[in-house]
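Text of start.pdb (PDB, C-alpha atoms) as supplied:
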ATOM      1  CA  MET A 189      -9.477 119.725  83.935
ATOM      2  CA  ARG A 190      -9.962 117.320  81.055
ATOM      3  CA  LEU A 191     -12.920 114.936  81.000
ATOM      4  CA  SER A 192     -10.472 112.026  80.883
ATOM      5  CA  GLU A 193      -9.015 113.244  84.207
ATOM      6  CA  ILE A 194     -12.489 113.379  85.728
ATOM      7  CA  GLN A 195     -13.111 109.868  84.452
ATOM      8  CA  LYS A 196     -10.024 108.650  86.334
ATOM      9  CA  LEU A 197     -10.755 110.621  89.510
ATOM     10  CA  LEU A 198     -14.273 109.209  89.810
ATOM     11  CA  ASN A 199     -13.297 105.783  88.485
ATOM     12  CA  CYS A 200     -15.922 106.161  85.764
ATOM     13  CA  GLU A 201     -16.834 103.709  83.079
ATOM     14  CA  LEU A 202     -17.413 105.260  79.680
ATOM     15  CA  ILE A 203     -20.882 104.377  78.390
ATOM     16  CA  SER A 204     -20.910 106.296  75.125
ATOM     17  CA  ASP A 205     -18.000 106.662  72.743
ATOM     18  CA  ALA A 206     -18.173 110.438  72.412
ATOM     19  CA  LEU A 207     -15.071 111.009  74.560
ATOM     20  CA  SER A 208     -12.731 111.392  71.579
ATOM     21  CA  SER A 209     -12.615 115.186  71.915
ATOM     22  CA  ASP A 210     -11.716 115.077  75.677
ATOM     23  CA  PRO A 211     -13.116 118.545  76.435
ATOM     24  CA  ASP A 212     -11.708 120.829  79.086
ATOM     25  CA  ILE A 213     -14.122 121.115  82.021
ATOM     26  CA  GLU A 214     -14.114 123.989  84.499
ATOM     27  CA  GLN A 215     -17.507 123.564  86.157
ATOM     28  CA  CYS A 216     -19.984 120.907  87.164
ATOM     29  CA  PHE A 217     -23.620 120.926  88.168
ATOM     30  CA  ALA A 218     -25.277 118.205  90.230
ATOM     31  CA  ALA A 219     -29.031 117.617  90.203
ATOM     32  CA  ASP A 220     -31.741 115.083  89.572
ATOM     33  CA  LEU A 221     -34.339 117.732  88.802
ATOM     34  CA  MET A 222     -33.801 118.716  85.184
ATOM     35  CA  SER A 223     -35.700 121.988  85.584
ATOM     36  CA  ASP A 224     -32.976 123.038  88.064
ATOM     37  CA  VAL A 225     -30.315 122.158  85.511
ATOM     38  CA  LEU A 226     -32.019 124.351  82.919
ATOM     39  CA  ALA A 227     -32.539 127.203  85.375
ATOM     40  CA  TYR A 228     -29.203 127.262  87.198
ATOM     41  CA  SER A 229     -26.423 125.493  85.296
ATOM     42  CA  THR A 230     -23.948 127.201  83.018
ATOM     43  CA  SER A 231     -23.012 126.075  79.535
ATOM     44  CA  GLU A 232     -19.963 123.869  78.997
ATOM     45  CA  ALA A 233     -20.247 122.344  82.493
ATOM     46  CA  ILE A 234     -20.737 118.646  83.179
ATOM     47  CA  LEU A 235     -23.889 117.232  84.744
ATOM     48  CA  ILE A 236     -23.663 114.790  87.626
ATOM     49  CA  THR A 237     -26.986 113.065  88.198
ATOM     50  CA  GLY A 238     -28.811 109.932  89.211
ATOM     51  CA  LEU A 239     -31.409 110.448  86.487
ATOM     52  CA  SER A 240     -30.493 108.059  83.692
ATOM     53  CA  SER A 241     -33.559 108.661  81.529
ATOM     54  CA  ILE A 242     -33.693 110.338  78.147
ATOM     55  CA  GLN A 243     -34.607 113.647  79.831
ATOM     56  CA  SER A 244     -31.058 113.982  81.128
ATOM     57  CA  VAL A 245     -29.645 113.930  77.586
ATOM     58  CA  HIS A 246     -32.269 116.329  76.242
ATOM     59  CA  THR A 247     -31.530 118.671  79.154
ATOM     60  CA  ALA A 248     -27.761 118.460  78.640
ATOM     61  CA  ASP A 249     -28.265 119.251  74.961
ATOM     62  CA  VAL A 250     -30.480 122.287  75.603
ATOM     63  CA  ALA A 251     -28.204 123.548  78.401
ATOM     64  CA  ASP A 252     -25.082 123.040  76.252
ATOM     65  CA  LEU A 253     -23.411 120.750  78.790
ATOM     66  CA  ARG A 254     -20.236 118.845  77.914
ATOM     67  CA  ALA A 255     -20.962 115.428  79.490
ATOM     68  CA  ILE A 256     -23.198 113.511  81.884
ATOM     69  CA  ILE A 257     -21.920 111.384  84.744
ATOM     70  CA  PHE A 258     -24.441 109.019  86.306
ATOM     71  CA  VAL A 259     -23.934 108.155  89.981
ATOM     72  CA  HIS A 260     -24.651 104.897  91.855
ATOM     73  CA  ASP A 261     -23.463 102.928  88.820
ATOM     74  CA  LYS A 262     -26.697 103.766  87.003
ATOM     75  CA  ARG A 263     -26.856 102.862  83.338
ATOM     76  CA  PRO A 264     -29.135 104.421  80.763
ATOM     77  CA  GLY A 265     -31.088 102.384  78.265
ATOM     78  CA  PRO A 266     -30.113 101.957  74.608
ATOM     79  CA  GLN A 267     -32.307 104.838  73.401
ATOM     80  CA  VAL A 268     -30.608 107.206  75.833
ATOM     81  CA  VAL A 269     -27.137 106.083  74.740
ATOM     82  CA  GLU A 270     -28.070 106.457  71.069
ATOM     83  CA  LEU A 271     -29.419 109.978  71.588
ATOM     84  CA  ALA A 272     -26.263 110.956  73.487
ATOM     85  CA  ARG A 273     -24.105 109.632  70.646
ATOM     86  CA  ASN A 274     -26.150 111.583  68.110
ATOM     87  CA  LYS A 275     -25.816 114.741  70.219
ATOM     88  CA  LYS A 276     -22.105 114.014  70.878
ATOM     89  CA  ILE A 277     -22.610 114.082  74.652
ATOM     90  CA  PRO A 278     -20.317 111.662  76.495
ATOM     91  CA  LEU A 279     -22.028 109.468  79.089
ATOM     92  CA  LEU A 280     -20.131 108.013  82.021
ATOM     93  CA  THR A 281     -21.095 106.156  85.179
ATOM     94  CA  THR A 282     -19.466 105.992  88.589
ATOM     95  CA  LYS A 283     -20.172 103.848  91.629
ATOM     96  CA  LEU A 284     -19.865 106.938  93.824
ATOM     97  CA  ASN A 285     -22.949 108.690  95.169
ATOM     98  CA  LEU A 286     -23.780 112.264  94.188
ATOM     99  CA  PHE A 287     -22.271 113.828  97.308
ATOM    100  CA  ASP A 288     -18.978 111.961  97.098
ATOM    101  CA  ALA A 289     -18.576 112.522  93.356
ATOM    102  CA  CYS A 290     -19.055 116.265  93.815
ATOM    103  CA  GLY A 291     -16.714 116.291  96.806
ATOM    104  CA  VAL A 292     -13.910 114.623  94.857
ATOM    105  CA  LEU A 293     -14.238 117.081  91.982
ATOM    106  CA  HIS A 294     -14.531 120.095  94.269
ATOM    107  CA  GLY A 295     -11.431 118.942  96.135
ATOM    108  CA  LYS A 296      -9.525 118.884  92.841
ATOM    109  CA  GLY A 297     -10.541 122.444  91.974
ATOM    110  CA  LEU A 298     -13.616 122.034  89.808
ATOM    111  CA  LYS A 299     -16.093 124.857  90.407
ATOM    112  CA  GLY A 300     -19.845 124.612  90.822
ATOM    113  CA  ALA A 301     -21.862 125.840  87.887
TER     114      ALA A 301
END

With the file now loaded, output its structure as structure tokens.
Amino acid sequence: MRLSEIQKLLNCELISDALSSDPDIEQCFAADLMSDVLAYSTSEAILITGLSSIQSVHTADVADLRAIIFVHDKRPGPQVVELARNKKIPLLTTKLNLFDACGVLHGKGLKGA
């Protein structure tokens, strides 16, 4: 599934402009605890989280994740957005909560990472 499809399914707003490549996504990982992301996620997945701090971008970079989707319409600060642009990690936000966002994606065939 393309990231642009996920954006439509979750009614996401694009925060960073790194979506130009529109990567193919097969897996997602949902967590607010970044140590869990590092320990259990797989590379090339997307991260769904409520943590909109700079740690989420650093974690996505180290874990080789394709994008971050923030739930509850959370918006990261300018430093976070700038780091994501530099790392070429798309940032999106959705009004959905973590459970519902994962449910929608799981229902459309996305696998857990």

Can you tell me, as lines of an AutoDock Vina configuration file, the centre and edge lengths (Å, one decimal) of the axis-aligned box enclosing all of stretch 232-243 of chain A's listed atoms after padding each side by 6 Å?
center_x = -27.3
center_y = 116.0
center_z = 83.7
size_x = 26.6
size_y = 27.8
size_z = 23.1

Matched chain/residue IDs from the PyMOL selection byres ((chain A and resi 199) around 12), as an mmCIF file with C-alpha atoms, in the coordinates of the input:
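Output file out-v5.cif is given in full below:
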data_model
loop_
_atom_site.group_PDB
_atom_site.id
_atom_site.type_symbol
_atom_site.label_atom_id
_atom_site.label_comp_id
_atom_site.auth_asym_id
_atom_site.auth_seq_id
_atom_site.Cartn_x
_atom_site.Cartn_y
_atom_site.Cartn_z
ATOM 1 C CA LEU A 191 -12.920 114.936 81.000
ATOM 2 C CA SER A 192 -10.472 112.026 80.883
ATOM 3 C CA GLU A 193 -9.015 113.244 84.207
ATOM 4 C CA ILE A 194 -12.489 113.379 85.728
ATOM 5 C CA GLN A 195 -13.111 109.868 84.452
ATOM 6 C CA LYS A 196 -10.024 108.650 86.334
ATOM 7 C CA LEU A 197 -10.755 110.621 89.510
ATOM 8 C CA LEU A 198 -14.273 109.209 89.810
ATOM 9 C CA CYS A 200 -15.922 106.161 85.764
ATOM 10 C CA GLU A 201 -16.834 103.709 83.079
ATOM 11 C CA LEU A 202 -17.413 105.260 79.680
ATOM 12 C CA ILE A 257 -21.920 111.384 84.744
ATOM 13 C CA PHE A 258 -24.441 109.019 86.306
ATOM 14 C CA VAL A 259 -23.934 108.155 89.981
ATOM 15 C CA HIS A 260 -24.651 104.897 91.855
ATOM 16 C CA ASP A 261 -23.463 102.928 88.820
ATOM 17 C CA LEU A 280 -20.131 108.013 82.021
ATOM 18 C CA THR A 281 -21.095 106.156 85.179
ATOM 19 C CA THR A 282 -19.466 105.992 88.589
ATOM 20 C CA LYS A 283 -20.172 103.848 91.629
ATOM 21 C CA LEU A 284 -19.865 106.938 93.824
ATOM 22 C CA ALA A 289 -18.576 112.522 93.356
ATOM 23 C CA VAL A 292 -13.910 114.623 94.857
ATOM 24 C CA LEU A 293 -14.238 117.081 91.982
#

field: Output check: residues returned by the PyMOL selection byres ((chain A and resi 209) around 12), as an MDAnalysis selection string
entry: chainID A and resid 190:192 205:208 210:213 254:255 276:278

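Our summary of the geometry notes that atom CA of A:Val245 is positioned 6.1 Å from atom CA of A:Ala272.
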
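In this model, the gap between atom CA of A:Lys296 and atom CA of A:Met189 comes to 8.9 Å.
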
The PyMOL selection byres ((chain A and resi 242) around 10) resolved against shown file, as a ChimeraX atom specification: /A:239-241,243-247,264-272

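Shortest atom-to-atom contact with A:Arg273 among A:Ala233, A:Leu286, A:Ile256, A:Leu221: A:Ile256, counting only C-alpha atoms.
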
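Using only C-alpha atoms, the shortest contact distance between A:Asp288 and any of A:Ser223, A:Ala218, A:Thr230, A:Asp249 is found at A:Ala218.
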